[in-house]
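Next comes upload.txt, with compact mmCIF, C-alpha atoms and all ligand atoms.
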```txt
# COMPACT_ATOMS: atom_id res chain seq x y z
CA MET A 391 -31.07 -13.74 -6.83
CA SER A 392 -29.71 -14.68 -3.46
CA GLN A 393 -27.21 -17.40 -2.97
CA ASP A 394 -25.32 -18.83 -0.03
CA PHE A 395 -21.57 -18.43 -0.31
CA ALA A 396 -19.12 -20.78 1.33
CA HIS A 397 -17.49 -18.84 4.16
CA PRO A 398 -15.65 -21.30 6.37
CA ASP A 399 -14.18 -20.31 9.73
CA VAL A 400 -11.05 -22.35 9.09
CA VAL A 401 -9.21 -22.30 5.77
CA LEU A 402 -6.08 -24.26 4.89
CA CYS A 403 -3.99 -22.23 2.43
CA PRO A 404 -2.04 -24.31 -0.08
CA HIS A 405 1.64 -24.38 1.03
CA GLY A 406 0.71 -21.75 3.58
CA PRO A 407 -0.93 -21.08 6.93
CA MET A 408 -4.29 -22.01 8.39
CA LEU A 409 -6.66 -19.06 8.52
CA VAL A 410 -8.97 -18.98 11.51
CA ARG A 411 -11.86 -16.56 11.76
CA GLY A 412 -13.47 -15.35 14.94
CA ALA A 413 -11.19 -17.11 17.43
CA THR A 414 -10.60 -15.41 20.78
CA SER A 415 -7.66 -17.52 21.98
CA ILE A 416 -5.22 -20.03 20.53
CA GLN A 417 -3.14 -22.60 22.39
CA ASP A 418 0.27 -23.22 20.82
CA ALA A 419 2.22 -26.50 20.70
CA ASP A 420 3.88 -25.72 24.05
CA GLY A 421 0.52 -25.29 25.74
CA THR A 422 0.77 -21.49 25.97
CA VAL A 423 -2.52 -19.72 25.32
CA HIS A 424 -2.41 -16.58 23.17
CA ALA A 425 -5.20 -14.01 23.07
CA VAL A 426 -6.40 -13.22 19.54
CA GLU A 427 -6.91 -9.58 18.72
CA ARG A 428 -7.75 -9.63 15.03
CA PRO A 429 -10.80 -10.85 13.15
CA VAL A 430 -8.80 -13.42 11.16
CA VAL A 431 -5.48 -14.96 12.15
CA ALA A 432 -3.00 -17.03 10.15
CA LEU A 433 -1.60 -19.98 12.10
CA CYS A 434 1.74 -21.34 10.93
CA ARG A 435 1.63 -24.84 9.50
CA CYS A 436 5.24 -25.07 8.29
CA GLU A 437 6.60 -24.67 11.85
CA LYS A 438 9.34 -22.35 10.58
CA SER A 439 7.74 -19.06 11.62
CA SER A 440 9.79 -16.84 13.90
CA ARG A 441 6.66 -16.04 15.87
CA LEU A 442 4.77 -19.26 16.38
CA PRO A 443 1.91 -19.94 16.53
CA TRP A 444 1.40 -17.12 13.99
CA CYS A 445 2.48 -17.30 10.35
CA ASP A 446 5.09 -14.66 9.48
CA GLY A 447 5.42 -15.50 5.79
CA THR A 448 8.54 -17.66 6.22
CA HIS A 449 6.76 -20.58 4.51
CA LYS A 450 7.36 -18.80 1.21
CA LEU A 451 11.11 -19.31 1.62
CA ILE A 452 10.76 -23.08 1.89
CA PRO A 453 11.48 -24.83 -1.42
CA ARG A 454 8.51 -26.90 -2.54
CA MET B 80 -2.20 19.98 6.23
CA ARG B 81 -1.14 22.99 4.19
CA LEU B 82 -0.74 23.08 0.42
CA PRO B 83 2.63 21.76 -0.73
CA LYS B 84 5.25 23.87 -2.51
CA PRO B 85 4.95 24.07 -6.30
CA ARG B 86 7.62 22.31 -8.38
CA GLY B 87 7.03 24.06 -11.69
CA VAL B 88 4.55 26.18 -13.62
CA LEU B 89 1.76 23.61 -13.75
CA SER B 90 1.77 22.88 -10.03
CA GLU B 91 2.00 26.61 -9.36
CA TRP B 92 -1.15 27.11 -11.44
CA VAL B 93 -2.94 24.18 -9.76
CA LEU B 94 -1.94 25.10 -6.22
CA GLY B 95 -2.86 28.73 -6.77
CA ARG B 96 -6.28 27.72 -7.99
CA LEU B 97 -6.70 25.31 -5.06
CA ALA B 98 -5.93 28.21 -2.73
CA GLY B 99 -8.74 30.16 -4.37
CA THR B 100 -6.59 32.68 -6.28
CA PRO B 101 -8.33 33.52 -9.55
CA SER B 102 -6.21 31.87 -12.26
CA VAL B 103 -5.24 33.42 -15.53
CA GLY B 104 -5.73 31.37 -18.70
CA ASP B 105 -5.60 27.61 -19.10
CA ALA B 106 -3.33 25.28 -17.17
CA PRO B 107 0.20 25.50 -18.65
CA ALA B 108 2.16 22.44 -19.78
CA ALA B 109 4.17 20.85 -16.95
CA ASP B 110 7.85 21.64 -16.46
CA GLY B 111 8.62 17.96 -15.96
CA PRO B 112 7.60 14.78 -14.16
CA ASP B 113 8.14 16.27 -10.69
CA ASP B 114 5.88 19.24 -11.49
CA GLU B 115 3.21 16.91 -12.86
CA ALA B 116 3.44 14.51 -9.92
CA ILE B 117 2.97 17.11 -7.20
CA ALA B 118 0.11 18.73 -9.15
CA LEU B 119 -1.73 15.42 -9.41
CA TRP B 120 -0.93 14.52 -5.83
CA ALA B 121 -2.49 17.79 -4.62
CA LEU B 122 -5.55 17.34 -6.84
CA HIS B 123 -6.09 13.89 -5.33
CA GLU B 124 -5.50 15.07 -1.78
CA VAL B 125 -8.53 17.34 -2.10
CA LEU B 126 -10.57 14.11 -2.15
CA TYR B 127 -8.97 12.74 1.05
CA ARG B 128 -8.57 15.02 4.06
CA GLY B 129 -7.67 18.06 2.02
CA PHE B 130 -5.75 21.23 2.83
CA GLU B 131 -6.59 23.78 5.48
CA ASP B 132 -5.52 26.59 3.12
CA ALA B 133 -7.44 25.33 0.06
CA SER B 134 -10.88 26.50 -0.87
CA ASP B 135 -13.70 24.02 -0.27
CA ASP B 136 -14.99 24.87 -3.74
CA ALA B 137 -11.89 23.21 -5.23
CA GLU B 138 -13.67 19.84 -5.11
CA GLY B 139 -16.19 21.02 -7.66
CA ASP B 140 -13.86 23.10 -9.87
CA VAL B 141 -14.27 21.71 -13.39
CA GLY B 142 -11.08 23.42 -14.57
CA LEU B 143 -9.12 21.53 -11.92
CA PHE B 144 -11.01 18.36 -12.72
CA ALA B 145 -9.93 18.63 -16.36
CA VAL B 146 -6.27 18.92 -15.30
CA ARG B 147 -6.66 15.96 -12.95
CA HIS B 148 -8.22 13.89 -15.68
CA ARG B 149 -5.44 14.74 -18.13
CA LEU B 150 -2.70 13.96 -15.59
CA GLU B 151 -4.38 10.70 -14.56
CA SER B 152 -4.66 9.58 -18.17
CA GLY B 153 -0.98 10.35 -18.75
CA LEU B 154 -0.05 8.41 -15.61
CA GLU B 155 -2.17 5.41 -16.59
CA GLU B 156 -0.65 5.40 -20.07
CA ARG B 157 2.87 5.44 -18.61
CA LEU B 158 2.08 2.62 -16.16
CA ARG B 159 0.46 0.56 -18.89
CA SER B 160 3.41 0.93 -21.20
CA ARG B 161 5.73 -0.38 -18.44
CA TRP B 162 3.36 -3.32 -17.96
CA ALA B 163 3.22 -4.00 -21.71
CA GLY B 164 7.00 -3.77 -21.90
CA SER B 165 7.51 -6.33 -19.13
CA ASP B 166 7.59 -10.05 -19.76
CA ALA B 167 4.95 -10.55 -17.05
CA THR B 168 1.90 -10.30 -19.30
CA ALA B 169 0.96 -13.96 -19.61
CA ASP B 170 -2.40 -15.34 -20.68
CA VAL B 171 -4.18 -16.08 -17.40
CA GLY B 172 -7.73 -17.33 -16.84
CA PRO B 173 -9.86 -16.26 -13.85
CA ALA B 174 -9.06 -19.43 -11.86
CA GLY B 175 -5.34 -18.84 -12.38
CA VAL B 176 -5.25 -15.39 -10.81
CA PRO B 177 -4.00 -16.29 -7.30
CA ALA B 178 -1.22 -18.42 -8.79
CA ALA B 179 -0.35 -15.72 -11.32
CA LEU B 180 -0.08 -13.17 -8.50
CA GLU B 181 2.23 -15.52 -6.63
CA ALA B 182 4.35 -15.98 -9.75
CA LEU B 183 4.60 -12.21 -10.31
CA VAL B 184 5.73 -11.68 -6.74
CA ALA B 185 8.18 -14.60 -6.88
CA ALA B 186 9.73 -13.23 -10.08
CA ASP B 187 10.21 -9.78 -8.55
CA HIS B 188 13.87 -9.06 -7.97
CA GLY B 189 13.68 -5.36 -7.24
CA PRO B 190 16.32 -3.96 -4.88
CA SER B 191 15.37 -4.54 -1.24
CA LEU B 192 15.25 -1.55 1.09
CA ALA B 193 14.31 -3.93 3.92
CA ASP B 194 17.54 -5.92 3.49
CA HIS B 195 19.52 -2.68 3.55
CA VAL B 196 17.76 -1.44 6.68
CA ARG B 197 18.22 -4.77 8.40
CA ARG B 198 21.97 -4.94 7.91
CA HIS B 199 23.58 -1.71 6.76
CA ALA B 200 21.48 1.45 6.85
CA ASP B 201 22.47 4.23 9.20
CA ARG B 202 20.04 6.24 11.24
CA ASP B 203 19.81 9.11 8.73
CA GLN B 204 18.95 6.74 5.92
CA VAL B 205 16.20 5.13 7.98
CA MET B 206 14.83 8.57 8.90
CA GLU B 207 14.77 9.56 5.23
CA LEU B 208 13.02 6.31 4.34
CA LEU B 209 10.40 6.94 7.03
CA ARG B 210 9.79 10.50 5.77
CA GLN B 211 9.19 9.16 2.27
CA ARG B 212 7.00 6.33 3.52
CA SER B 213 4.96 8.70 5.66
CA VAL B 214 3.29 10.13 2.55
CA TYR B 215 1.45 6.83 2.15
CA HIS B 216 1.47 5.30 5.62
CA LEU B 217 -0.34 8.26 7.18
CA LYS B 218 -3.26 7.48 4.87
CA GLU B 219 -2.64 3.77 4.83
CA ALA B 220 -5.54 1.75 3.38
CA ASP B 221 -7.48 4.90 2.44
CA PRO B 222 -7.00 4.71 -1.36
CA THR B 223 -8.28 1.13 -1.33
CA ALA B 224 -11.35 2.14 0.65
CA TRP B 225 -12.64 3.91 -2.50
CA VAL B 226 -12.97 0.52 -4.16
CA VAL B 227 -15.46 -1.07 -1.75
CA PRO B 228 -18.69 0.08 -3.46
CA ARG B 229 -17.37 -1.05 -6.85
CA LEU B 230 -16.95 -4.74 -6.05
CA PRO B 231 -19.25 -7.75 -6.33
CA VAL B 232 -20.45 -9.49 -3.15
CA ARG B 233 -17.62 -11.89 -2.26
CA ALA B 234 -14.75 -9.54 -3.08
CA LYS B 235 -16.49 -6.72 -1.23
CA ALA B 236 -16.96 -8.76 1.95
CA ALA B 237 -13.35 -9.92 1.85
CA LEU B 238 -11.95 -6.44 1.21
CA VAL B 239 -13.89 -5.06 4.15
CA GLU B 240 -12.67 -7.91 6.34
CA LEU B 241 -9.10 -6.91 5.45
CA GLN B 242 -9.71 -3.17 5.75
CA PHE B 243 -11.38 -3.64 9.14
CA ASP B 244 -8.03 -4.93 10.39
CA GLU B 245 -6.16 -2.02 8.71
CA TYR B 246 -8.43 0.39 10.52
CA GLY B 247 -7.77 -1.21 13.89
CA ALA B 248 -10.83 -3.50 14.04
CA GLY B 249 -12.74 -0.70 15.72
CA ASP B 250 -9.95 0.37 18.08
CA PRO B 251 -8.51 3.77 17.06
CA ASN B 252 -5.27 2.92 18.87
CA ARG B 253 -4.66 0.05 16.49
CA LEU B 254 -5.49 1.88 13.28
CA HIS B 255 -2.40 1.36 11.13
CA ALA B 256 -1.96 4.98 10.04
CA HIS B 257 -2.18 5.98 13.68
CA LEU B 258 0.42 3.40 14.72
CA PHE B 259 2.72 4.89 12.08
CA ALA B 260 2.10 8.43 13.35
CA ARG B 261 3.05 7.31 16.86
CA GLY B 262 6.15 5.67 15.42
CA LEU B 263 7.17 8.90 13.66
CA GLU B 264 6.75 10.86 16.86
CA ALA B 265 8.80 8.35 18.83
CA VAL B 266 11.78 8.62 16.47
CA GLY B 267 11.60 12.43 16.50
CA LEU B 268 9.80 13.00 13.18
CA ARG B 269 6.64 15.02 12.64
CA PRO B 270 3.52 12.85 12.92
CA GLU B 271 1.03 15.22 11.27
CA TYR B 272 -0.72 14.04 8.18
CA GLY B 273 1.19 15.14 5.07
CA ALA B 274 4.11 16.61 7.04
CA TYR B 275 6.80 15.52 4.58
CA VAL B 276 5.10 15.90 1.22
CA ASP B 277 7.51 18.67 0.22
CA ASP B 278 10.39 16.20 0.68
CA ALA B 279 8.71 13.47 -1.36
CA LEU B 280 10.74 12.14 -4.26
CA PRO B 281 8.97 12.00 -7.64
CA GLU B 282 8.99 8.21 -7.25
CA THR B 283 7.17 8.51 -3.92
CA LEU B 284 4.56 10.77 -5.46
CA GLU B 285 4.11 8.50 -8.48
CA LEU B 286 3.56 5.53 -6.20
CA ASN B 287 0.91 7.44 -4.24
CA ASN B 288 -0.72 8.87 -7.35
CA ALA B 289 -1.05 5.41 -8.88
CA LEU B 290 -2.82 4.17 -5.74
CA SER B 291 -5.27 7.07 -5.87
CA LEU B 292 -5.84 6.61 -9.59
CA PHE B 293 -6.64 2.91 -9.14
CA GLY B 294 -8.87 3.67 -6.19
CA LEU B 295 -10.80 6.46 -7.87
CA ARG B 296 -11.63 4.91 -11.23
CA ARG B 297 -14.30 2.22 -11.25
CA ARG B 298 -12.86 0.89 -14.49
CA LEU B 299 -9.59 0.21 -12.63
CA ARG B 300 -11.11 -1.62 -9.63
CA GLY B 301 -9.19 -4.76 -10.62
CA ALA B 302 -5.92 -2.83 -10.64
CA ALA B 303 -6.68 -1.46 -7.17
CA VAL B 304 -7.13 -4.91 -5.65
CA GLY B 305 -4.28 -6.39 -7.69
CA HIS B 306 -2.04 -3.68 -6.30
CA LEU B 307 -3.29 -4.46 -2.80
CA ALA B 308 -2.52 -8.15 -3.24
CA ALA B 309 1.05 -7.54 -4.42
CA PHE B 310 1.57 -5.04 -1.60
CA GLU B 311 0.36 -7.48 1.06
CA MET B 312 2.25 -10.40 -0.48
CA THR B 313 5.53 -8.48 -0.19
CA SER B 314 5.01 -7.13 3.30
CA SER B 315 5.39 -9.73 6.07
CA LEU B 316 8.99 -10.75 5.48
CA PRO B 317 10.30 -7.22 4.71
CA SER B 318 8.44 -5.88 7.76
CA ARG B 319 10.30 -8.38 9.90
CA LYS B 320 13.61 -7.20 8.44
CA LEU B 321 12.68 -3.59 9.13
CA VAL B 322 11.97 -4.48 12.76
CA GLN B 323 15.41 -6.10 12.98
CA GLY B 324 17.04 -3.02 11.42
CA LEU B 325 15.23 -0.63 13.76
CA ASP B 326 16.32 -2.78 16.72
CA ARG B 327 19.91 -2.78 15.44
CA LEU B 328 19.88 1.03 15.39
CA GLY B 329 18.31 1.29 18.84
CA MET B 330 15.10 2.58 17.27
CA ASP B 331 12.88 -0.05 18.84
CA GLY B 332 9.66 1.22 20.36
CA PRO B 333 6.51 2.42 18.58
CA MET B 334 8.04 2.49 15.06
CA ALA B 335 9.21 -1.10 15.44
CA THR B 336 5.74 -1.92 16.81
CA TYR B 337 4.19 -0.56 13.63
CA TYR B 338 6.26 -2.85 11.42
CA ASP B 339 5.90 -5.70 13.86
CA GLU B 340 2.12 -5.43 13.56
CA HIS B 341 2.51 -5.89 9.80
CA VAL B 342 4.39 -9.16 10.06
CA GLU B 343 1.39 -11.05 11.38
CA ALA B 344 -1.35 -8.87 9.91
CA ASP B 345 -0.05 -9.08 6.38
CA ALA B 346 0.50 -12.83 6.57
CA VAL B 347 -3.29 -12.94 6.90
CA HIS B 348 -3.97 -10.13 4.44
CA GLU B 349 -1.96 -11.65 1.63
CA GLN B 350 -4.13 -14.77 1.71
CA LEU B 351 -7.34 -12.75 1.78
CA ALA B 352 -6.14 -10.43 -0.98
CA ALA B 353 -4.94 -13.10 -3.40
CA HIS B 354 -7.78 -15.59 -2.98
CA ASP B 355 -10.85 -13.99 -1.45
CA ILE B 356 -10.53 -10.56 -3.07
CA CYS B 357 -8.67 -10.95 -6.38
CA GLY B 358 -9.60 -14.59 -6.94
CA THR B 359 -13.33 -14.08 -6.49
CA LEU B 360 -13.36 -10.80 -8.41
CA ALA B 361 -11.70 -12.59 -11.34
CA GLU B 362 -14.31 -15.37 -11.19
CA ASP B 363 -17.24 -12.96 -10.97
CA GLU B 364 -15.90 -10.42 -13.47
CA PRO B 365 -13.46 -12.18 -15.80
CA ASP B 366 -12.85 -8.95 -17.72
CA GLN B 367 -10.95 -7.70 -14.64
CA VAL B 368 -8.22 -10.35 -14.84
CA ASP B 369 -5.87 -8.20 -16.87
CA ALA B 370 -6.46 -5.18 -14.61
CA ILE B 371 -5.70 -7.27 -11.51
CA LEU B 372 -2.34 -8.38 -12.89
CA PHE B 373 -1.59 -4.88 -14.21
CA GLY B 374 -2.20 -3.50 -10.70
CA ALA B 375 0.02 -6.12 -9.09
CA PHE B 376 2.81 -5.54 -11.59
CA THR B 377 2.55 -1.78 -11.06
CA CYS B 378 2.87 -2.15 -7.29
CA LEU B 379 6.08 -4.16 -7.62
CA ASP B 380 7.45 -1.93 -10.39
CA LEU B 381 6.83 1.33 -8.52
CA GLU B 382 8.33 -0.12 -5.34
CA ALA B 383 11.44 -1.12 -7.30
CA ARG B 384 11.71 2.37 -8.83
CA PHE B 385 11.30 3.94 -5.40
CA ALA B 386 13.96 1.64 -3.91
CA THR B 387 16.35 2.41 -6.78
CA ALA B 388 15.84 6.15 -6.22
CA MET B 389 16.53 5.80 -2.49
CA PHE B 390 19.69 3.79 -3.05
CA SER B 391 20.97 6.27 -5.59
CA SER B 392 20.23 9.22 -3.30
CA TRP B 393 22.36 7.48 -0.67
CA GLY B 394 25.08 6.62 -3.16
CA VAL B 395 24.63 2.94 -2.37
CA ALA B 396 25.25 0.64 -5.34
CA ARG B 397 22.54 -1.97 -5.94
S1 LIG C 501 2.92 -21.22 7.44
FE1 LIG C 501 3.57 -19.22 7.15
S2 LIG C 501 5.40 -19.16 8.28
FE2 LIG C 501 4.74 -21.18 8.57
```
I'd like the structure from this file rewritten - as structure tokens, please.
Amino acid sequence: MSQDFAHPDVVLCPHGPMLVRGATSIQDADGTVHAVERPVVALCRCEKSSRLPWCDGTHKLIPR
Amino acid sequence: MRLPKPRGVLSEWVLGRLAGTPSVGDAPAADGPDDEAIALWALHEVLYRGFEDASDDAEGDVGLFAVRHRLESGLEERLRSRWAGSDATADVGPAGVPAALEALVAADHGPSLADHVRRHADRDQVMELLRQRSVYHLKEADPTAWVVPRLPVRAKAALVELQFDEYGAGDPNRLHAHLFARGLEAVGLRPEYGAYVDDALPETLELNNALSLFGLRRRLRGAAVGHLAAFEMTSSLPSRKLVQGLDRLGMDGPMATYYDEHVEADAVHEQLAAHDICGTLAEDEPDQVDAILFGAFTCLDLEARFATAMFSSWGVAR
């Protein structure tokens, strides 16, 4: 039995980052363009990361 | 790598047999946990890159296989009894697995080596920590690679997506184990695979043996990916602290680069591991739910035991 699985390129993680698959560059809020070197990246949505635009896990320290 | 030093009569028997020396009689009972741990570690290593001074026939030696099986069963029993004795064993359905993993990690209050490195550790303590960590980091991701053929479609695709990143996404220079080797070299430690196994604490060996056990047994595939999830979910923030500690000690450079790589990489991996790997495995094979949580608990528990052992070897109260 074959079946099509959902496999979106962009995934919003609950209380967490935005995963983006297959991007080659990302422009941050300041307009700086960052090259992407990994197959999937996590973009910070909480704006508290120490290395924007990437998520560094800091969102987990924010009380919900 | 060469065979490690024996730590008792059992490991002496096992290592002798690995070296091809004809052994007398059956394997003796172990002298203690340290003896057992190094014996099992060596029996597992035969299945990874192996030892230059071991016989190639060791892989098919049924006598050694019987010892490995016995030691693995003892290890699994010990890990399961810690899991059963914890208050973490809640009733969780397949859809609740990612949240249950998050809750396990949030409830973990093991002593933090990363906090210590960030603020207080001296250079010798960091070097000792790196020697201990090298036992795993030089084969980083390898134990989990065993699991790939044992997973259903979605979990398999997601695990390979994560592992692809661990293995440098095709670029040998970015392979995580290689980044760690370069880091070791830069701080003046030996970068060869297995260089510090003789210095490994029993807690370090137990942590590595558990990973191999989970990776090698199909029945424990859930525990392997549960362990992976807990590992990734507790990596980004501590890695950042380790970078800060290395900078504080003037040890920036390739070793800091290794940990720095893990800040961003593991922020991605923890999402993939909890949802796309563990979450889909639980949905597709609901009988793996308990194994997933057991694996996650074991990761956190063994890390806490390792941290406690390090602090006590340094005489630091925690
Ligand atoms: S979303 Fe992860 S640090 Fe902001």
Do you have the atom CA of Glu349 of chain B-atom CA of Arg210 of chain B distance handy?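 One can read the atom CA of Glu349 of chain B to atom CA of Arg210 of chain B distance as 25.4 Å.
The interatomic distance for the pair atom CA of Leu286 of chain B and atom CA of Pro365 of chain B works out to 26.4 Å.
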Could you list, as a PyMOL selection string, every residue within 8 Å of segment 87-96 of chain B, counting all atoms listed in the file and ignoring same-chain residues fewer than 6 positions away? chain B and resi 102+106-111+113-115+117-118+121-122+137+143
Check which residues fall inside 7 Å of ligand LIG 501 (chain C) when counting all atoms listed in the file, and print them as a PyMOL selection string. chain A and resi 406-407+433-439+445-449
Based on all atoms listed in the file, which of the residues in chain A come within 10 Å of chain B? I want them as a PDB file with C-alpha atoms, keeping the file's coordinate frame.
```pdb
ATOM      1  CA  PHE A 395     -21.570 -18.430  -0.310  1.00  0.00           C
ATOM      2  CA  ALA A 396     -19.120 -20.780   1.330  1.00  0.00           C
ATOM      3  CA  HIS A 397     -17.490 -18.840   4.160  1.00  0.00           C
ATOM      4  CA  VAL A 401      -9.210 -22.300   5.770  1.00  0.00           C
ATOM      5  CA  CYS A 403      -3.990 -22.230   2.430  1.00  0.00           C
ATOM      6  CA  PRO A 404      -2.040 -24.310  -0.080  1.00  0.00           C
ATOM      7  CA  GLY A 406       0.710 -21.750   3.580  1.00  0.00           C
ATOM      8  CA  PRO A 407      -0.930 -21.080   6.930  1.00  0.00           C
ATOM      9  CA  MET A 408      -4.290 -22.010   8.390  1.00  0.00           C
ATOM     10  CA  LEU A 409      -6.660 -19.060   8.520  1.00  0.00           C
ATOM     11  CA  VAL A 410      -8.970 -18.980  11.510  1.00  0.00           C
ATOM     12  CA  GLU A 427      -6.910  -9.580  18.720  1.00  0.00           C
ATOM     13  CA  ARG A 428      -7.750  -9.630  15.030  1.00  0.00           C
ATOM     14  CA  PRO A 429     -10.800 -10.850  13.150  1.00  0.00           C
ATOM     15  CA  VAL A 430      -8.800 -13.420  11.160  1.00  0.00           C
ATOM     16  CA  VAL A 431      -5.480 -14.960  12.150  1.00  0.00           C
ATOM     17  CA  ALA A 432      -3.000 -17.030  10.150  1.00  0.00           C
ATOM     18  CA  LEU A 433      -1.600 -19.980  12.100  1.00  0.00           C
ATOM     19  CA  CYS A 434       1.740 -21.340  10.930  1.00  0.00           C
ATOM     20  CA  SER A 440       9.790 -16.840  13.900  1.00  0.00           C
ATOM     21  CA  ARG A 441       6.660 -16.040  15.870  1.00  0.00           C
ATOM     22  CA  TRP A 444       1.400 -17.120  13.990  1.00  0.00           C
ATOM     23  CA  CYS A 445       2.480 -17.300  10.350  1.00  0.00           C
ATOM     24  CA  ASP A 446       5.090 -14.660   9.480  1.00  0.00           C
ATOM     25  CA  GLY A 447       5.420 -15.500   5.790  1.00  0.00           C
ATOM     26  CA  THR A 448       8.540 -17.660   6.220  1.00  0.00           C
ATOM     27  CA  LYS A 450       7.360 -18.800   1.210  1.00  0.00           C
ATOM     28  CA  LEU A 451      11.110 -19.310   1.620  1.00  0.00           C
TER      29      LEU A 451
END
```
Of the residues B:Ala279, B:Leu254, B:Gln204, B:Leu263, which is the one nearest to Gly394 of chain B, using all atoms listed in the file?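 Ranked by minimum distance to Gly394 of chain B, first place goes to B:Gln204.
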So which residues touch Asp418 of chain A within 8 Å, counting all atoms listed in the file, skipping near sequence neighbours fewer than 6 positions away, as an mmCIF file with C-alpha atoms, in the coordinates of the input?
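Printed below is around19.cif as written:
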```cif
data_model
loop_
_atom_site.group_PDB
_atom_site.id
_atom_site.type_symbol
_atom_site.label_atom_id
_atom_site.label_comp_id
_atom_site.auth_asym_id
_atom_site.auth_seq_id
_atom_site.Cartn_x
_atom_site.Cartn_y
_atom_site.Cartn_z
ATOM 1 C CA HIS A 424 -2.410 -16.580 23.170
ATOM 2 C CA LEU A 442 4.770 -19.260 16.380
ATOM 3 C CA PRO A 443 1.910 -19.940 16.530
#
```
From the list B:His148, B:His195, B:Arg202, B:Arg159, which residue is nearest Met330 of chain B when using only C-alpha atoms?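 Comparing B:His148, B:His195, B:Arg202, B:Arg159 against Met330 of chain B, the winner is B:Arg202.
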Between atom CA of Glu311 of chain B and atom CA of Glu156 of chain B - distance in Å to one decimal: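 Atom CA of Glu311 of chain B lies 24.8 Å from atom CA of Glu156 of chain B.
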Spatial neighbours of Val214 of chain B, 10 Å, all atoms listed in the file, chain gap at least 5 places, as a ChimeraX atom specification: /B:209,219,272-279,283-284,286-287
Around (11.8, 3.4, -14.0) in the file's own coordinates, what residues are found within 12 Å if you use all atoms listed in the file, given back as a PyMOL selection string? chain B and resi 157-158+160-162+164-165+189+281-282+285-286+377+379-388
I'd like the contact shell of Trp225 of chain B - 12 Å cut-off, all atoms listed in the file, skipping same-chain residues fewer than 2 positions apart - returned as an MDAnalysis selection string. chainID B and resid 126:127 220:223 227:230 235 238:239 242 290:297 299:300 303:304
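Those residues that approach Phe376 of chain B to within 8 Å, counting only C-alpha atoms, are B:Trp162, B:Ala167, B:Leu183, B:His306, B:Ala309, B:Leu372, B:Asp380; same-chain residues fewer than 4 positions away are not listed.
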Take every atom of segment 376-379 of chain B listed in the file, pad by 5 Å on each side, and give me the axis-aligned box centre and edge lengths in Å, one decimal, as JSON.
```
{"center_x": 4.3, "center_y": -3.7, "center_z": -9.4, "size_x": 13.5, "size_y": 13.8, "size_z": 14.3}
```
In the coordinate frame of the file, compute which residues have an atom within 6 Å of (18.8, -2.8, 7.8) when using all atoms listed in the file, and state them as a ChimeraX atom specification. /B:194-200,324
